[in-house]
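All remarks here apply to the structure that follows.
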2 protein chains.
Amino acid sequence: MSKMPTVKDVAEYAGVSVGTVSRVLSGETAVKPILREKVNGAISALGYRPNVTARALRTNRTNVIGLIVPDITNPFFAQLAASVERASLECGHSLMLASSHDDREAEQSHVMAFLDRSVRGIIVVASSDSPGLHFEAPVPIISLDRRFGAFPLVSTNHAQAAALIADHLYGLGHRRITYIAGPANTEAGRMRQEGFVSKIARFGKIGEPVELEIVHGKFDYDSGERIARELLSRPTLGRPTAIAAASDQQAIGALRAARDLKIDVPRKLSVTGFDDISLANLVVPRLTTIRQPADMLARRAVGLLLDEPPGSGDEMVDGSLIVRGSSGPCPQLKTVVSHTN
Amino acid sequence: MSKMPTVKDVAEYAGVSVGTVSRVLSGETAVKPILREKVNGAISALGYRPNVTARALRTNRTNVIGLIVPDITNPFFAQLAASVERASLECGHSLMLASSHDDREAEQSHVMAFLDRSVRGIIVVASSDSPGLHFEAPVPIISLDRRFGAFPLVSTNHAQAAALIADHLYGLGHRRITYIAGPANTEAGRMRQEGFVSKIARFGKIGEPVELEIVHGKFDYDSGERIARELLSRPTLGRPTAIAAASDQQAIGALRAARDLKIDVPRKLSVTGFDDISLANLVVPRLTTIRQPADMLARRAVGLLLDEPPGSGDEMVDGSLIVRGSSGPCPQLKTVVSHTN
DNA sequence: CTGAAAGCGCTTACAG
DNA sequence: CTGAAAGCGCTTACAG
């Protein structure tokens, strides 16, 4: 391992000054073609690679974007991280990833660590609401999916998307529905709930009334399974005919509870999720859910970060309903029909 | 945002030289207690944070560990990444994560990018074998789970673990088994296959013969589903009574194929996986599999990286068998028993 | 034990 | 358009 060549080596080899080498490297300023070629020749002859650290020290800026997610093990965040990495790469930036483990202190310290490395900008999927928090950061910060402090948010239009689910279930005839909500201390959790609830309420006014029960949980499998198990253990009459969950993971947990209790989905019970993680299409039955456009969200977030000046307003992207096998007509209706026969 | 304070500011505030400040910061060299306190006072008074970029430029070393995985969307790699991040943090290092999308070129360019940032070391979960490749890197490189070039590997003892599955299935009476192998161009794929096959072969010699069929696929859900669907579409006689998959994802795909074809698992068919991703415990029936000790693997990998001198030998960690609902006694045996009755 | 000074590899006004 | 020089914020021999 001989020492790496530096601008100085390149300059000597090409017979120019280091300033000229630097100018060729940056590509911005005009350099006489003859010199430019000499420099490029020297660069490839020596196998020169610019020292990004030195560059960062001088310019106080890097090509690294920092991403903080609550838990990389959560499939939706993993997908989001993959999308953000791709979007960053497309813009010539690398990604530094950190997991906050849903811990606000860890989140903060990751932000500081990123700042210390003078990243180009930070994208954070917040662990939970941290209202009011809005320090002056020397680089742009964007919230993704879940709002971080008071920083601009790029997210799915949770309310609109949740309303799509409400539409779907109401249309299938369900009038006794349980909504498994996400944590109330996340904006995503609240927005999804509100979108769902207010749509159902509207149906109640213009159409038939709906019995809506709301149970709060975390966004994970366990919450969904636990809550659904309790719900479904009730006597048949008190049971919902549809469970709408605030996340796919909850919904998949609910699916498992239904199976354990031998309740046929979708014939006796409809279950819906939110996110469209890859697993949603693999469970049995396949899950009806909302697709969050991860690639689009990521591109927008990176875009806002890199804009000059950086974007400062929220951006919403519509989610879309994906109908699969876990939702079907309300069993009550069927009974009525067969009764008529 | 006033400019960040530097060592110089701290030095002035404390009435010492910048050298002394630096020495206090490093903690290594002895500094007179009175000065040390003055410096520390100045540091907290000014809210000084060392500039890691400058430090990196000077020392040519950072506290960043680079991790490259083939696909962060794969739950096993996500888990591994989470474990590596935790292990790094425990050792005071941050993690830079990159996804190679199973592309060797991308992998290489990520390695270069990490080298450019003078990371402390690189851990790579290789996308596929890249034999012979063994360049002199200025920082340690360790392979994790799947070997990268000729660099030392930390992995589960795939062969030992696969043999555990063979034991388990043979013990349950299965004599017609299909092994869904991983890609032959991955060491993990080959080792698991070899461990499984040679154990079965041994049984064939010392016990009853086993019909073993081997089908190759990728490590993903789709491969498992597709292969199992074909296998299970055969007339009952030609069908295996057990499918051992080289990954949980394949196994879960196989589970889905079995369900679609209305083949009862585990009563008509046993299915086993490998990895113990969190999903393995959530599918129906829960998956019998091999647990890879992700935390341990990660800690070892980070350990080797940070050792002085860096570790240069492979390390194997034993996997353990997790028996759940997807494996059971061979149906053939049951038939015989009921025939006897 | 401490200070003054060099230097890590770049970029960028400043002259010319 | 190009070169000489300063300087980004540190660390670390080198004297003393």
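Please note that chains go A, B, ... in the order of the structure tokens, that every chain numbers its residues from 1, and that ligands are numbered from 1 in the order shown.
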Checklist line | Distance-based interface of chain D with chain A, 9 Å, counting only C-alpha atoms (C1' of nucleotides), as number ranges by chain | finding: D: 1-4, 7-9
Selection from above, N, CA and C atoms (P, O5', C5', C4', C3', O3' and C1' of nucleotides), as a PDB file, in the first residue's frame, can you write it?
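File written: selection.pdb
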```pdb
ATOM      1  P    DC D   1     -11.780  30.991 -19.952  1.00  0.00           P
ATOM      2  O5'  DC D   1     -10.341  30.644 -19.389  1.00  0.00           O
ATOM      3  C5'  DC D   1      -9.405  30.001 -20.214  1.00  0.00           C
ATOM      4  C4'  DC D   1      -8.064  30.225 -19.582  1.00  0.00           C
ATOM      5  C3'  DC D   1      -7.693  29.189 -18.517  1.00  0.00           C
ATOM      6  O3'  DC D   1      -6.399  28.694 -18.822  1.00  0.00           O
ATOM      7  C1'  DC D   1      -7.441  31.389 -17.655  1.00  0.00           C
ATOM      8  P    DT D   2      -5.847  27.425 -18.154  1.00  0.00           P
ATOM      9  O5'  DT D   2      -4.968  28.030 -16.993  1.00  0.00           O
ATOM     10  C5'  DT D   2      -3.688  28.558 -17.295  1.00  0.00           C
ATOM     11  C4'  DT D   2      -3.085  29.128 -16.041  1.00  0.00           C
ATOM     12  C3'  DT D   2      -2.857  28.109 -14.936  1.00  0.00           C
ATOM     13  O3'  DT D   2      -1.449  27.931 -14.800  1.00  0.00           O
ATOM     14  C1'  DT D   2      -3.779  30.156 -14.112  1.00  0.00           C
ATOM     15  P    DG D   3      -0.855  26.809 -13.818  1.00  0.00           P
ATOM     16  O5'  DG D   3      -0.276  27.760 -12.678  1.00  0.00           O
ATOM     17  C5'  DG D   3       0.499  28.876 -13.051  1.00  0.00           C
ATOM     18  C4'  DG D   3       0.867  29.695 -11.837  1.00  0.00           C
ATOM     19  C3'  DG D   3       1.302  28.866 -10.633  1.00  0.00           C
ATOM     20  O3'  DG D   3       2.369  29.561  -9.984  1.00  0.00           O
ATOM     21  C1'  DG D   3      -0.580  30.174 -10.043  1.00  0.00           C
ATOM     22  P    DA D   4       3.214  28.860  -8.847  1.00  0.00           P
ATOM     23  O5'  DA D   4       2.943  29.877  -7.640  1.00  0.00           O
ATOM     24  C5'  DA D   4       2.752  31.263  -7.908  1.00  0.00           C
ATOM     25  C4'  DA D   4       2.534  32.005  -6.599  1.00  0.00           C
ATOM     26  C3'  DA D   4       3.111  31.337  -5.370  1.00  0.00           C
ATOM     27  O3'  DA D   4       3.322  32.343  -4.384  1.00  0.00           O
ATOM     28  C1'  DA D   4       0.783  31.180  -5.262  1.00  0.00           C
ATOM     29  P    DG D   7      -5.116  33.193   6.422  1.00  0.00           P
ATOM     30  O5'  DG D   7      -6.080  31.944   6.471  1.00  0.00           O
ATOM     31  C5'  DG D   7      -7.164  31.870   5.561  1.00  0.00           C
ATOM     32  C4'  DG D   7      -7.806  30.518   5.725  1.00  0.00           C
ATOM     33  C3'  DG D   7      -7.717  29.976   7.159  1.00  0.00           C
ATOM     34  O3'  DG D   7      -8.949  29.372   7.488  1.00  0.00           O
ATOM     35  C1'  DG D   7      -6.848  28.415   5.654  1.00  0.00           C
ATOM     36  P    DC D   8      -9.421  29.288   8.975  1.00  0.00           P
ATOM     37  O5'  DC D   8     -10.513  28.150   8.901  1.00  0.00           O
ATOM     38  C5'  DC D   8     -11.456  28.053   7.861  1.00  0.00           C
ATOM     39  C4'  DC D   8     -11.808  26.605   7.649  1.00  0.00           C
ATOM     40  C3'  DC D   8     -11.645  25.773   8.914  1.00  0.00           C
ATOM     41  O3'  DC D   8     -12.898  25.711   9.584  1.00  0.00           O
ATOM     42  C1'  DC D   8     -10.650  24.688   6.991  1.00  0.00           C
ATOM     43  P    DG D   9     -13.021  26.222  11.106  1.00  0.00           P
ATOM     44  O5'  DG D   9     -12.471  24.982  11.932  1.00  0.00           O
ATOM     45  C5'  DG D   9     -13.119  23.741  11.797  1.00  0.00           C
ATOM     46  C4'  DG D   9     -12.256  22.668  12.397  1.00  0.00           C
ATOM     47  C3'  DG D   9     -11.830  22.934  13.845  1.00  0.00           C
ATOM     48  O3'  DG D   9     -12.101  21.767  14.577  1.00  0.00           O
ATOM     49  C1'  DG D   9      -9.961  22.393  12.534  1.00  0.00           C
TER      50       DG D   9
END
```
Margin query: With 7 Å as the limit and counting only C-alpha atoms, what residues in chain A lie close to chain B? Please list them as a list in words.
Written below: Met1, Asn51, Val52, Thr53, Ala54, Ala56, Leu57, Ile72, Thr73, Pro75, Ala78, Gln79, Ala82, Leu95, Met96, Leu97, Ala98, Asp116, Arg117 and Glu136 of chain A
Written selection (N, CA and C atoms) as a short mmCIF file (atom, residue, chain, number, x, y, z; two decimals), in the first residue's frame:
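And here's selection_18.cif as it stands now:
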```
data_model
loop_
_atom_site.label_atom_id
_atom_site.label_comp_id
_atom_site.auth_asym_id
_atom_site.auth_seq_id
_atom_site.Cartn_x
_atom_site.Cartn_y
_atom_site.Cartn_z
N MET A 1 0.82 -1.21 0.00
CA MET A 1 0.00 0.00 0.00
C MET A 1 0.86 1.27 0.00
N ASN A 51 -9.73 13.10 -1.92
CA ASN A 51 -9.93 12.81 -0.50
C ASN A 51 -11.16 13.58 -0.02
N VAL A 52 -12.24 12.83 0.19
CA VAL A 52 -13.50 13.49 0.54
C VAL A 52 -13.44 14.17 1.90
N THR A 53 -12.60 13.63 2.77
CA THR A 53 -12.50 14.24 4.10
C THR A 53 -11.91 15.64 4.01
N ALA A 54 -10.83 15.75 3.26
CA ALA A 54 -10.20 17.06 3.10
C ALA A 54 -11.18 18.04 2.45
N ALA A 56 -14.36 17.90 2.58
CA ALA A 56 -15.42 18.23 3.54
C ALA A 56 -14.94 19.28 4.53
N LEU A 57 -13.71 19.13 4.96
CA LEU A 57 -13.17 20.08 5.94
C LEU A 57 -13.13 21.48 5.33
N ILE A 72 -34.98 -0.46 11.88
CA ILE A 72 -34.72 -0.95 10.53
C ILE A 72 -35.30 -2.34 10.32
N THR A 73 -35.63 -2.98 11.41
CA THR A 73 -36.18 -4.33 11.38
C THR A 73 -37.65 -4.34 10.97
N PRO A 75 -40.36 -3.91 8.45
CA PRO A 75 -40.27 -4.02 6.99
C PRO A 75 -40.60 -2.74 6.24
N ALA A 78 -37.61 -0.57 6.44
CA ALA A 78 -36.55 -1.14 5.63
C ALA A 78 -36.77 -0.76 4.17
N GLN A 79 -38.02 -0.86 3.75
CA GLN A 79 -38.35 -0.50 2.38
C GLN A 79 -38.08 0.98 2.14
N ALA A 82 -34.40 1.55 1.88
CA ALA A 82 -33.90 1.14 0.57
C ALA A 82 -34.23 2.20 -0.47
N LEU A 95 -25.53 7.28 1.79
CA LEU A 95 -26.47 7.31 2.91
C LEU A 95 -25.80 6.81 4.18
N MET A 96 -26.01 7.52 5.26
CA MET A 96 -25.65 7.00 6.57
C MET A 96 -26.94 6.68 7.28
N LEU A 97 -27.06 5.45 7.75
CA LEU A 97 -28.30 5.03 8.37
C LEU A 97 -28.14 4.83 9.86
N ALA A 98 -29.12 5.27 10.61
CA ALA A 98 -29.10 5.02 12.04
C ALA A 98 -30.48 4.60 12.50
N ASP A 116 -22.25 16.43 13.42
CA ASP A 116 -20.80 16.41 13.64
C ASP A 116 -20.04 16.02 12.38
N ARG A 117 -20.63 15.13 11.61
CA ARG A 117 -19.95 14.71 10.39
C ARG A 117 -20.30 15.63 9.23
N GLU A 136 -32.21 25.36 15.29
CA GLU A 136 -31.60 25.81 14.05
C GLU A 136 -30.48 24.85 13.70
#
```
Margin query: Which residues are near Lys38 (chain A)? Cut-off 10 Å, only C-alpha atoms (C1' of nucleotides), ignore same chain within fewer than 6 positions. Put them as a list in words.
Written below: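 These residues fall inside the cut-off: Val10, Ala11, Tyr13, Ala14, Gly15, Val16 and Val21 of chain A.
The spacing separating CA of Tyr48 (chain A) from CA of Pro5 (chain A) amounts to 5.6 Å.
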Next item on the list: Name the residues of region 22-80 of chain A that come out as alpha helix (DSSP H) in a backbone DSSP run; write them as a PyMOL selection string.
Entry: chain A and resi 22-26+33-46+52-59+75-80
